[in-house]
file data_26.cif (mmCIF, C-alpha atoms)
data_my_file
loop_
_atom_site.label_atom_id
_atom_site.label_comp_id
_atom_site.auth_asym_id
_atom_site.auth_seq_id
_atom_site.Cartn_x
_atom_site.Cartn_y
_atom_site.Cartn_z
CA MET A 1 1.36 102.88 -0.83
CA ASP A 2 -0.13 99.83 -2.49
CA VAL A 3 2.39 97.61 -4.23
CA THR A 4 1.81 94.43 -6.18
CA PHE A 5 4.53 92.07 -7.36
CA THR A 6 5.15 88.37 -7.71
CA VAL A 7 7.76 86.59 -5.61
CA ASN A 8 8.81 83.15 -6.84
CA GLY A 9 5.58 83.04 -8.82
CA ASP A 10 3.30 84.01 -5.90
CA ARG A 11 1.39 87.26 -6.21
CA MET A 12 1.89 89.61 -3.25
CA ARG A 13 -0.08 92.73 -2.46
CA LEU A 14 1.36 95.02 0.19
CA ASP A 15 0.72 98.40 1.71
CA VAL A 16 4.15 99.87 2.45
CA GLU A 17 5.72 103.14 3.46
CA PRO A 18 7.78 104.55 0.54
CA ARG A 19 11.00 104.29 2.57
CA ARG A 20 10.57 100.52 3.08
CA THR A 21 13.38 98.81 1.19
CA LEU A 22 12.56 95.83 -0.99
CA ALA A 23 14.70 93.71 1.33
CA ASP A 24 12.68 94.73 4.40
CA ALA A 25 9.40 94.21 2.52
CA LEU A 26 10.45 90.69 1.51
CA ARG A 27 11.54 89.80 5.03
CA GLU A 28 9.00 91.63 7.18
CA ASP A 29 5.90 91.87 5.00
CA CYS A 30 6.18 88.73 2.84
CA GLY A 31 7.77 86.62 5.59
CA LEU A 32 10.53 85.51 3.24
CA THR A 33 13.52 85.75 5.57
CA GLY A 34 15.84 83.84 3.24
CA THR A 35 17.03 87.17 1.83
CA HIS A 36 19.61 88.39 4.32
CA LEU A 37 20.58 91.95 5.18
CA GLY A 38 24.22 92.57 5.99
CA CYS A 39 25.42 96.12 5.48
CA GLU A 40 22.14 97.72 4.34
CA HIS A 41 23.97 100.17 2.11
CA GLY A 42 24.90 98.22 -0.99
CA VAL A 43 28.33 96.86 -0.15
CA CYS A 44 28.05 93.25 0.99
CA GLY A 45 25.67 91.72 -1.58
CA ALA A 46 23.89 89.45 0.94
CA CYS A 47 20.46 90.83 -0.05
CA THR A 48 20.87 90.18 -3.80
CA VAL A 49 17.62 89.03 -5.44
CA LEU A 50 16.52 88.81 -9.06
CA VAL A 51 14.22 91.58 -10.27
CA ASP A 52 12.70 90.63 -13.62
CA GLY A 53 15.59 88.17 -14.02
CA GLU A 54 18.36 90.67 -13.28
CA PRO A 55 20.32 90.67 -10.02
CA ALA A 56 19.72 93.70 -7.80
CA ARG A 57 20.59 94.63 -4.25
CA ALA A 58 17.30 94.58 -2.40
CA CYS A 59 18.63 97.09 0.16
CA LEU A 60 19.13 99.68 -2.60
CA MET A 61 15.60 99.43 -4.00
CA PHE A 62 12.43 100.61 -2.36
CA ALA A 63 9.57 98.15 -2.38
CA VAL A 64 7.41 100.72 -4.21
CA GLN A 65 9.88 100.57 -7.10
CA ALA A 66 9.22 96.85 -7.54
CA ASP A 67 5.53 97.43 -8.29
CA GLY A 68 4.56 95.14 -11.17
CA SER A 69 7.89 93.27 -11.12
CA SER A 70 8.61 89.56 -10.98
CA LEU A 71 11.03 88.76 -8.16
CA THR A 72 13.04 85.64 -7.40
CA THR A 73 14.51 85.07 -3.95
CA VAL A 74 16.53 82.19 -2.52
CA GLU A 75 13.25 80.50 -1.51
CA GLY A 76 12.53 80.18 -5.23
CA LEU A 77 15.40 77.72 -5.63
CA GLU A 78 13.55 75.06 -3.65
CA GLY A 79 12.53 72.11 -5.80
CA GLN A 80 9.67 69.64 -5.42
CA ASP A 81 9.59 67.87 -2.05
CA SER A 82 11.94 70.57 -0.69
CA GLU A 83 14.91 69.18 -2.56
CA LEU A 84 17.94 71.43 -2.93
CA HIS A 85 18.77 73.18 -6.19
CA PRO A 86 21.95 71.86 -7.89
CA LEU A 87 23.65 75.14 -6.93
CA GLN A 88 22.77 74.60 -3.27
CA GLU A 89 23.95 70.97 -3.48
CA ALA A 90 27.25 72.16 -4.90
CA PHE A 91 27.68 74.78 -2.15
CA VAL A 92 27.22 72.01 0.44
CA THR A 93 29.59 69.59 -1.30
CA HIS A 94 32.38 72.09 -1.97
CA HIS A 95 32.38 74.04 1.28
CA GLY A 96 30.79 77.06 -0.40
CA LEU A 97 29.45 78.18 2.97
CA GLN A 98 30.26 78.06 6.64
CA CYS A 99 28.03 80.39 8.63
CA GLY A 100 25.66 80.78 5.68
CA PHE A 101 24.90 84.46 6.13
CA CYS A 102 26.12 85.55 2.69
CA THR A 103 24.82 82.41 0.97
CA PRO A 104 21.39 83.65 -0.25
CA GLY A 105 23.05 86.53 -2.10
CA MET A 106 25.82 84.27 -3.36
CA LEU A 107 23.25 81.80 -4.73
CA MET A 108 21.19 84.45 -6.52
CA SER A 109 24.28 86.03 -8.11
CA ALA A 110 25.54 82.59 -9.13
CA LEU A 111 22.14 81.63 -10.53
CA HIS A 112 22.13 84.67 -12.79
CA LEU A 113 25.72 83.98 -13.84
CA LEU A 114 25.04 80.34 -14.80
CA ASP A 115 21.75 81.26 -16.51
CA ASN A 116 23.68 83.58 -18.82
CA ASP A 117 26.87 81.57 -19.15
CA PRO A 118 26.65 77.84 -18.29
CA GLU A 119 30.44 77.46 -18.53
CA PRO A 120 31.93 80.68 -17.18
CA GLY A 121 35.40 79.54 -16.06
CA ARG A 122 37.03 80.41 -12.75
CA GLU A 123 38.19 83.90 -13.69
CA LYS A 124 34.74 85.01 -14.79
CA ILE A 125 33.16 83.38 -11.73
CA ARG A 126 35.47 85.43 -9.50
CA GLU A 127 34.71 88.63 -11.39
CA GLU A 128 30.93 88.10 -11.41
CA MET A 129 30.87 87.16 -7.73
CA SER A 130 33.04 90.12 -6.71
CA GLY A 131 29.97 92.01 -5.49
CA ASN A 132 29.25 89.43 -2.78
CA ILE A 133 31.36 89.39 0.37
CA CYS A 134 31.98 86.22 2.41
CA ARG A 135 33.90 86.29 5.69
CA CYS A 136 34.18 82.52 6.23
CA THR A 137 35.18 80.52 3.22
CA GLY A 138 38.01 82.46 1.60
CA TYR A 139 35.97 82.20 -1.63
CA GLN A 140 37.84 79.16 -2.98
CA GLY A 141 34.99 76.83 -2.04
CA ILE A 142 32.43 79.20 -3.54
CA VAL A 143 34.27 79.27 -6.88
CA ASP A 144 34.59 75.46 -6.76
CA ALA A 145 30.86 75.14 -6.02
CA ILE A 146 29.76 77.38 -8.87
CA GLU A 147 32.08 75.64 -11.30
CA ALA A 148 30.69 72.24 -10.22
CA ALA A 149 27.09 73.49 -10.32
CA GLY A 150 27.65 74.69 -13.87
CA GLU A 151 28.73 71.18 -14.81
CA SER A 152 25.79 69.45 -13.16
CA LEU A 153 23.31 71.96 -14.65
CA ARG A 154 24.77 71.33 -18.09
CA GLU A 155 24.32 67.58 -17.53
CA VAL A 156 20.68 68.13 -16.51
CA ASP A 157 20.14 70.18 -19.66
CA ALA A 158 21.84 67.52 -21.79
CA GLU A 159 19.82 64.57 -20.44
CA PRO A 160 16.55 65.02 -22.36
CA ALA A 161 18.51 65.35 -25.60
CA GLU A 162 20.40 62.09 -24.90
CA ALA A 163 17.19 60.28 -24.03
CA SER A 164 15.51 61.14 -27.31
CA PRO A 165 16.40 58.88 -30.23
CA MET B 1 20.48 102.12 8.45
CA LYS B 2 16.93 103.02 7.53
CA CYS B 3 16.14 106.07 5.42
CA ALA B 4 14.29 109.00 6.92
CA PRO B 5 10.68 109.26 5.70
CA PHE B 6 10.02 110.94 2.34
CA ASP B 7 7.18 111.52 -0.08
CA TYR B 8 7.46 109.32 -3.15
CA VAL B 9 6.45 110.54 -6.60
CA ARG B 10 6.60 108.15 -9.55
CA ALA B 11 7.02 110.52 -12.48
CA SER B 12 5.77 109.58 -15.94
CA SER B 13 7.41 112.48 -17.80
CA VAL B 14 10.41 114.80 -17.56
CA GLU B 15 8.00 117.76 -17.22
CA GLU B 16 6.50 116.12 -14.13
CA VAL B 17 9.98 115.65 -12.63
CA VAL B 18 10.88 119.30 -13.14
CA LYS B 19 7.54 120.49 -11.74
CA THR B 20 7.82 118.24 -8.68
CA LEU B 21 11.41 119.30 -8.02
CA ALA B 22 10.46 122.98 -8.38
CA GLU B 23 7.63 122.52 -5.87
CA ALA B 24 10.01 120.76 -3.46
CA ASP B 25 12.07 123.96 -3.53
CA GLY B 26 15.50 122.42 -3.06
CA ASP B 27 14.35 119.57 -0.85
CA GLY B 28 13.68 117.07 -3.65
CA LYS B 29 15.96 114.43 -5.13
CA ILE B 30 15.76 112.37 -8.29
CA LEU B 31 15.77 108.60 -7.73
CA ALA B 32 17.19 106.80 -10.78
CA GLY B 33 19.24 103.63 -10.25
CA GLY B 34 19.61 104.45 -6.58
CA GLN B 35 23.05 102.85 -6.31
CA SER B 36 24.61 106.00 -4.84
CA LEU B 37 21.55 107.86 -3.53
CA VAL B 38 20.06 105.05 -1.44
CA PRO B 39 23.28 104.41 0.56
CA VAL B 40 23.45 108.16 1.21
CA LEU B 41 19.85 108.07 2.45
CA ALA B 42 20.42 104.90 4.48
CA LEU B 43 23.40 106.50 6.20
CA ARG B 44 21.25 109.62 6.74
CA MET B 45 23.83 111.80 5.07
CA ALA B 46 20.85 113.26 3.18
CA ARG B 47 17.17 113.39 4.04
CA PRO B 48 15.22 114.94 1.17
CA SER B 49 11.49 115.39 1.76
CA VAL B 50 10.55 114.25 -1.77
CA LEU B 51 12.00 111.51 -3.96
CA VAL B 52 11.06 111.65 -7.64
CA ASP B 53 11.36 108.19 -9.19
CA VAL B 54 12.29 108.61 -12.87
CA ASN B 55 12.65 104.91 -13.67
CA ARG B 56 9.30 104.62 -15.46
CA ILE B 57 9.72 107.60 -17.78
CA PRO B 58 9.67 106.17 -21.31
CA GLY B 59 12.28 106.89 -23.97
CA LEU B 60 15.29 107.68 -21.80
CA GLY B 61 17.06 104.31 -21.88
CA SER B 62 18.47 104.14 -25.38
CA VAL B 63 21.96 104.32 -26.87
CA ARG B 64 21.82 105.89 -30.33
CA PRO B 65 24.72 106.42 -32.72
CA VAL B 66 24.61 109.88 -34.28
CA ASP B 67 27.10 111.72 -36.46
CA GLY B 68 30.52 111.11 -34.83
CA ALA B 69 29.07 110.43 -31.39
CA VAL B 70 26.56 108.37 -29.45
CA GLU B 71 23.63 109.75 -27.52
CA VAL B 72 23.03 107.96 -24.26
CA GLY B 73 19.65 108.38 -22.57
CA ALA B 74 19.84 109.34 -18.90
CA LEU B 75 18.20 106.08 -17.80
CA THR B 76 20.59 103.81 -19.69
CA ARG B 77 21.80 101.16 -17.23
CA HIS B 78 25.53 100.49 -17.00
CA SER B 79 24.92 96.87 -18.08
CA ARG B 80 23.31 98.15 -21.29
CA LEU B 81 26.21 100.54 -21.86
CA ALA B 82 28.66 97.65 -21.39
CA ALA B 83 26.79 95.50 -23.93
CA GLN B 84 26.43 98.11 -26.71
CA THR B 85 28.95 98.16 -29.57
CA HIS B 86 28.48 101.67 -30.97
CA HIS B 87 31.00 103.29 -28.62
CA PRO B 88 33.77 100.84 -27.60
CA LEU B 89 35.34 103.19 -25.04
CA LEU B 90 32.00 103.59 -23.25
CA ALA B 91 31.47 99.82 -23.30
CA GLU B 92 34.90 99.20 -21.77
CA THR B 93 34.29 101.92 -19.17
CA ALA B 94 30.91 100.54 -18.11
CA LYS B 95 32.44 97.13 -17.39
CA TRP B 96 34.55 98.76 -14.67
CA ILE B 97 31.61 100.31 -12.83
CA GLY B 98 30.82 98.52 -9.57
CA HIS B 99 29.57 94.94 -9.68
CA THR B 100 26.96 93.10 -11.78
CA ALA B 101 24.08 93.82 -9.39
CA ILE B 102 25.05 97.51 -9.45
CA ARG B 103 25.40 97.74 -13.23
CA THR B 104 21.90 96.30 -13.73
CA ARG B 105 20.41 99.23 -11.79
CA GLY B 106 22.83 102.19 -11.98
CA THR B 107 22.22 104.73 -14.75
CA ALA B 108 24.41 106.94 -16.94
CA GLY B 109 22.51 110.10 -16.00
CA GLY B 110 22.69 109.23 -12.31
CA SER B 111 26.44 108.64 -12.37
CA ILE B 112 27.08 111.93 -14.17
CA ALA B 113 24.73 113.87 -11.84
CA HIS B 114 26.27 112.31 -8.72
CA ALA B 115 29.76 113.45 -9.85
CA ASP B 116 31.71 111.11 -7.60
CA PRO B 117 35.45 111.86 -8.01
CA ALA B 118 36.16 108.12 -8.17
CA ALA B 119 33.44 107.32 -10.74
CA GLU B 120 34.31 106.19 -14.26
CA LEU B 121 31.68 107.86 -16.49
CA PRO B 122 32.54 111.47 -15.49
CA VAL B 123 36.16 110.82 -16.55
CA VAL B 124 35.07 109.56 -19.96
CA ALA B 125 32.63 112.49 -20.27
CA VAL B 126 35.49 114.96 -19.81
CA ALA B 127 37.89 112.86 -21.90
CA THR B 128 35.55 112.81 -24.91
CA GLY B 129 34.25 116.37 -24.54
CA ALA B 130 30.74 115.09 -23.87
CA THR B 131 27.75 117.41 -23.76
CA VAL B 132 24.95 116.96 -21.27
CA SER B 133 21.28 117.76 -22.01
CA ILE B 134 19.42 119.20 -19.04
CA ALA B 135 15.71 119.93 -18.58
CA GLY B 136 14.53 122.46 -16.00
CA SER B 137 11.89 125.06 -15.22
CA GLY B 138 13.68 127.48 -17.53
CA GLY B 139 13.57 125.05 -20.46
CA VAL B 140 16.18 122.77 -21.96
CA ARG B 141 19.89 123.59 -21.99
CA THR B 142 23.12 121.87 -22.94
CA VAL B 143 26.42 122.12 -21.08
CA THR B 144 29.81 120.51 -21.59
CA ALA B 145 31.06 117.98 -19.05
CA ASP B 146 33.74 120.51 -18.00
CA GLU B 147 31.05 123.03 -17.13
CA LEU B 148 28.93 120.47 -15.29
CA PHE B 149 31.50 119.15 -12.79
CA VAL B 150 32.19 121.81 -10.16
CA SER B 151 33.66 119.87 -7.26
CA ALA B 152 33.41 116.50 -5.52
CA LEU B 153 29.71 115.50 -5.66
CA VAL B 154 28.85 119.05 -6.79
CA THR B 155 27.56 119.96 -10.27
CA SER B 156 26.19 123.09 -11.89
CA LEU B 157 22.70 121.50 -12.00
CA ASP B 158 19.97 123.59 -10.41
CA ASP B 159 17.64 122.06 -7.82
CA ASP B 160 14.81 121.71 -10.34
CA GLU B 161 16.90 120.32 -13.19
CA MET B 162 17.24 116.80 -14.55
CA ILE B 163 19.83 115.35 -16.93
CA THR B 164 17.97 113.78 -19.87
CA GLY B 165 20.89 112.52 -21.95
CA ILE B 166 24.60 112.66 -22.62
CA ARG B 167 26.26 112.91 -26.02
CA PHE B 168 29.68 111.21 -26.05
CA PRO B 169 31.82 112.04 -29.12
CA GLN B 170 33.62 109.09 -30.72
CA PRO B 171 37.41 109.26 -30.27
CA THR B 172 39.52 108.07 -33.22
CA ARG B 173 41.81 106.23 -30.78
CA TRP B 174 41.39 105.51 -27.09
CA GLY B 175 42.82 103.74 -24.07
CA PHE B 176 41.38 103.01 -20.64
CA ALA B 177 43.19 101.84 -17.51
CA GLU B 178 42.03 101.73 -13.93
CA PHE B 179 43.50 100.68 -10.62
CA ALA B 180 41.25 99.54 -7.79
CA ARG B 181 42.06 97.34 -4.80
CA ARG B 182 39.57 94.75 -6.01
CA HIS B 183 37.62 94.69 -9.27
CA GLY B 184 34.48 96.72 -8.76
CA ASP B 185 35.78 98.77 -5.86
CA PHE B 186 36.02 102.53 -6.11
CA ALA B 187 38.93 103.40 -8.38
CA LEU B 188 42.12 104.84 -6.91
CA VAL B 189 43.04 106.11 -10.36
CA THR B 190 41.27 105.98 -13.72
CA ALA B 191 43.22 107.10 -16.79
CA VAL B 192 41.52 107.69 -20.12
CA VAL B 193 43.37 108.57 -23.32
CA THR B 194 41.35 109.88 -26.25
CA GLU B 195 42.32 111.18 -29.67
CA ILE B 196 39.81 113.79 -30.78
CA ASP B 197 40.34 116.08 -33.79
CA ASP B 198 43.93 114.77 -34.12
CA ALA B 199 44.83 115.87 -30.58
CA VAL B 200 45.56 113.40 -27.80
CA ARG B 201 43.91 114.07 -24.45
CA ILE B 202 44.96 112.53 -21.14
CA THR B 203 42.19 112.63 -18.52
CA VAL B 204 42.59 111.30 -15.02
CA GLY B 205 39.95 110.46 -12.41
CA GLY B 206 40.31 109.76 -8.71
CA VAL B 207 43.16 112.24 -8.20
CA GLY B 208 41.12 115.39 -7.60
CA ALA B 209 37.63 116.66 -6.87
CA VAL B 210 36.68 116.41 -10.54
CA PRO B 211 38.21 114.61 -13.55
CA VAL B 212 41.37 116.46 -14.57
CA ARG B 213 43.09 116.91 -17.92
CA ALA B 214 46.85 116.33 -17.69
CA GLU B 215 47.76 119.18 -20.02
CA ALA B 216 51.53 119.02 -19.41
CA GLY B 217 51.43 115.35 -20.41
CA GLU B 218 49.41 116.22 -23.50
CA ARG B 219 51.98 118.89 -24.48
CA VAL B 220 54.82 116.35 -24.20
CA LEU B 221 53.02 114.16 -26.75
CA ALA B 222 52.21 117.10 -29.03
CA ASP B 223 55.94 117.98 -29.00
CA GLY B 224 56.90 114.46 -30.07
CA GLY B 225 57.70 112.99 -26.64
CA THR B 226 57.27 109.32 -25.76
CA ALA B 227 54.37 107.79 -23.82
CA ARG B 228 56.65 107.25 -20.84
CA GLU B 229 57.74 110.90 -20.83
CA ALA B 230 54.14 112.03 -21.16
CA ALA B 231 53.04 109.79 -18.28
CA ALA B 232 55.86 111.14 -16.10
CA ALA B 233 54.89 114.74 -16.89
CA ALA B 234 51.21 114.01 -16.27
CA SER B 235 51.82 112.35 -12.92
CA ALA B 236 54.00 115.29 -11.86
CA GLU B 237 51.30 117.87 -12.64
CA ILE B 238 48.38 116.16 -10.88
CA ASP B 239 47.78 116.85 -7.21
CA PRO B 240 46.26 113.76 -5.61
CA THR B 241 45.04 113.82 -2.03
CA ALA B 242 46.05 111.13 0.44
CA ASP B 243 43.42 109.03 2.17
CA LEU B 244 42.96 105.63 3.77
CA HIS B 245 43.42 103.92 0.40
CA GLY B 246 46.72 105.47 -0.61
CA SER B 247 49.26 108.23 0.03
CA ALA B 248 49.77 111.06 -2.46
CA PRO B 249 53.12 109.69 -3.78
CA PHE B 250 51.53 106.23 -4.17
CA ARG B 251 48.63 107.67 -6.14
CA ARG B 252 51.03 109.67 -8.28
CA ALA B 253 53.03 106.53 -9.10
CA ILE B 254 49.89 104.54 -9.88
CA ALA B 255 48.59 107.39 -12.06
CA ALA B 256 51.82 107.38 -14.10
CA GLU B 257 51.50 103.66 -14.74
CA MET B 258 47.77 103.83 -15.57
CA ILE B 259 48.41 106.70 -18.00
CA ARG B 260 51.22 104.73 -19.63
CA ARG B 261 48.94 101.69 -20.02
CA ALA B 262 46.10 103.78 -21.44
CA LEU B 263 48.51 105.40 -23.91
CA ALA B 264 49.81 101.96 -24.91
CA GLN B 265 46.25 100.71 -25.46
CA ALA B 266 45.64 103.73 -27.70
CA GLY B 267 48.71 102.71 -29.69
CA ILE B 268 50.89 105.58 -28.47
CA GLN B 269 54.40 104.46 -27.52
#
call {"tool": "encode", "arguments": {"input": "data_26.cif", "output": "structure tokens"}}
result
Amino acid sequence: MDVTFTVNGDRMRLDVEPRRTLADALREDCGLTGTHLGCEHGVCGACTVLVDGEPARACLMFAVQADGSSLTTVEGLEGQDSELHPLQEAFVTHHGLQCGFCTPGMLMSALHLLDNDPEPGREKIREEMSGNICRCTGYQGIVDAIEAAGESLREVDAEPAEASP
Amino acid sequence: MKCAPFDYVRASSVEEVVKTLAEADGDGKILAGGQSLVPVLALRMARPSVLVDVNRIPGLGSVRPVDGAVEVGALTRHSRLAAQTHHPLLAETAKWIGHTAIRTRGTAGGSIAHADPAAELPVVAVATGATVSIAGSGGVRTVTADELFVSALVTSLDDDEMITGIRFPQPTRWGFAEFARRHGDFALVTAVVTEIDDAVRITVGGVGAVPVRAEAGERVLADGGTAREAAAAASAEIDPTADLHGSAPFRRAIAAEMIRRALAQAGIQ
């Protein structure tokens, strides 16, 4: 079946079998291997991407269902000159990752959280991130990273206002 | 972990769903949020030949207050249910369903049709005396939640039928308590207390194949007993099964505490 969607602003046109999951289509057909597949049945959260701004598990959607949608994957976090997103910087600084397998899903879930609530607090961070499993960090570093990223994103948002007279 | 091949039909109306399911002759499945169906397909526990995607059917995603109840369209996502303010018990319930990335996709109609014994919405459907609207080849019919849930993952829906909406009556008082190992995991026990037509109902999920009413517990309250006595009676009458996540006595003890908390939240001491 023909499917058209945008990924990180780029228009993609694919011909996929109906049973192709969105995660497989992103990785195999679009070449965007940043989205990781862990359990492939909706438990681990590693494949979380944003579909029209809302987080979704890309292993529980078929690519044909994303027809006409706007998708954001971890590759979409990359800034100009390949610089890291403040969330990614914070994950590095605060030991938010070790092996990095769960990190793409963690980042997309955290991005949605901070977009909707710039100052969520540790309890809400834990609750919102409960759908993403990490086997390395013990989660403490991830919560630290998201809390710190929230702060630096708020500073970025505040800067233009301070600069204007 | 890849699904078996299937034909994909993107339906634009309920009539098209019913027609496609009838043609599939028992080998078709409705794809709504996909949060339960797709894992089942991925694990090859089911391999339907036709999937009917209902996500693009217009007009099935609304929450509307009506006289003494709210009508929830079958395609209402759990996140929408959690954000609405017309039915506070439903909003509280929806917050307990899975995780954020599940609530953005999962639907009310899908959860009710799937009839998972550990799911939250079926418990609230029974607790509030909800009625379910169903479209099929024979026309449109309405059943109560009690009549719909037959056994674990089994409903009285025919192969060519689709749930189009659920009407949840508004309780005058309510309480909700759930125990899961981690937030968002499948519930070990969900207890819902509802006061409807001046009678208090105690409904428990996760302790049987379908949501159960703890009628002995309800009688204790009707006879003037305390919440603690009612919870003890309710936990004695339920018959939980043991599994990896907890023994029967453990589930019974947890059920008593969840019922007590739900009663307390409803203001019943």
call {"tool": "resolve_selection", "arguments": {"input": "data_26.cif", "expression": "the PyMOL selection byres ((chain B and resi 159) around 10)", "output": "list in words"}}
result
Val18, Leu21, Ala22, Ala24, Asp25, Gly26, Asp27, Gly28, Lys29, Ile30, Gly136, Ser137, Ser156, Leu157, Asp158, Asp160, Glu161 and Met162 of chain B
call {"tool": "residues_around", "arguments": {"input": "data_26.cif", "residues": "A:Arg122", "least_positions_apart": "2", "cutoff": "12 Å", "atoms": "all atoms listed in the file", "output": "ChimeraX atom specification"}}
result
/A:113,119-120,124-129,139-148,150
call {"tool": "resolve_selection", "arguments": {"input": "data_26.cif", "expression": "the PyMOL selection byres ((chain A) within 6 of (chain B))", "output": "list of chain:residue names"}}
result
A:Arg19, A:His41, A:Pro55, A:Ala56, A:Leu60, A:Gly131
call {"tool": "closest_residue", "arguments": {"input": "data_26.cif", "among": "A:Val92, A:Ile133, A:Arg11, A:Val74", "to": "A:Thr33", "atoms": "all atoms listed in the file"}}
result
A:Val74
call {"tool": "closest_residue", "arguments": {"input": "data_26.cif", "among": "A:Ala58, A:Leu50, A:Ala110, A:Ala66", "to": "A:Leu14", "atoms": "all atoms listed in the file"}}
result
A:Ala66
call {"tool": "build_atoms", "arguments": {"input": "data_26.cif", "residues": "stretch 123-134 of chain A", "atoms": "N, CA, C and O atoms", "output": "CSV table (one decimal), keeping the file's coordinate frame"}}
result
chain,number,residue,atom,x,y,z
A,123,GLU,N,37.9,82.5,-13.7
A,123,GLU,CA,38.2,83.9,-13.7
A,123,GLU,C,36.9,84.7,-13.8
A,123,GLU,O,36.7,85.7,-13.0
A,124,LYS,N,36.0,84.3,-14.7
A,124,LYS,CA,34.7,85.0,-14.8
A,124,LYS,C,33.9,84.8,-13.5
A,124,LYS,O,33.2,85.7,-13.1
A,125,ILE,N,33.9,83.6,-13.0
A,125,ILE,CA,33.2,83.4,-11.7
A,125,ILE,C,33.6,84.4,-10.7
A,125,ILE,O,32.8,85.0,-10.0
A,126,ARG,N,34.9,84.5,-10.5
A,126,ARG,CA,35.5,85.4,-9.5
A,126,ARG,C,35.0,86.9,-9.8
A,126,ARG,O,34.6,87.6,-8.9
A,127,GLU,N,35.1,87.3,-11.0
A,127,GLU,CA,34.7,88.6,-11.4
A,127,GLU,C,33.2,88.9,-11.1
A,127,GLU,O,32.8,89.9,-10.5
A,128,GLU,N,32.4,87.9,-11.6
A,128,GLU,CA,30.9,88.1,-11.4
A,128,GLU,C,30.5,88.0,-9.9
A,128,GLU,O,29.5,88.6,-9.6
A,129,MET,N,31.2,87.3,-9.1
A,129,MET,CA,30.9,87.2,-7.7
A,129,MET,C,31.5,88.2,-6.9
A,129,MET,O,31.4,88.2,-5.6
A,130,SER,N,32.3,89.1,-7.5
A,130,SER,CA,33.0,90.1,-6.7
A,130,SER,C,32.1,91.1,-5.9
A,130,SER,O,32.6,91.7,-5.0
A,131,GLY,N,30.9,91.1,-6.2
A,131,GLY,CA,30.0,92.0,-5.5
A,131,GLY,C,29.4,91.4,-4.2
A,131,GLY,O,28.5,92.0,-3.6
A,132,ASN,N,29.8,90.1,-4.0
A,132,ASN,CA,29.2,89.4,-2.8
A,132,ASN,C,30.4,89.1,-1.8
A,132,ASN,O,31.4,88.5,-2.2
A,133,ILE,N,30.3,89.6,-0.6
A,133,ILE,CA,31.4,89.4,0.4
A,133,ILE,C,31.1,88.2,1.3
A,133,ILE,O,29.9,88.1,1.8
A,134,CYS,N,32.1,87.4,1.5
A,134,CYS,CA,32.0,86.2,2.4
A,134,CYS,C,33.1,86.3,3.4
A,134,CYS,O,34.3,86.6,3.0
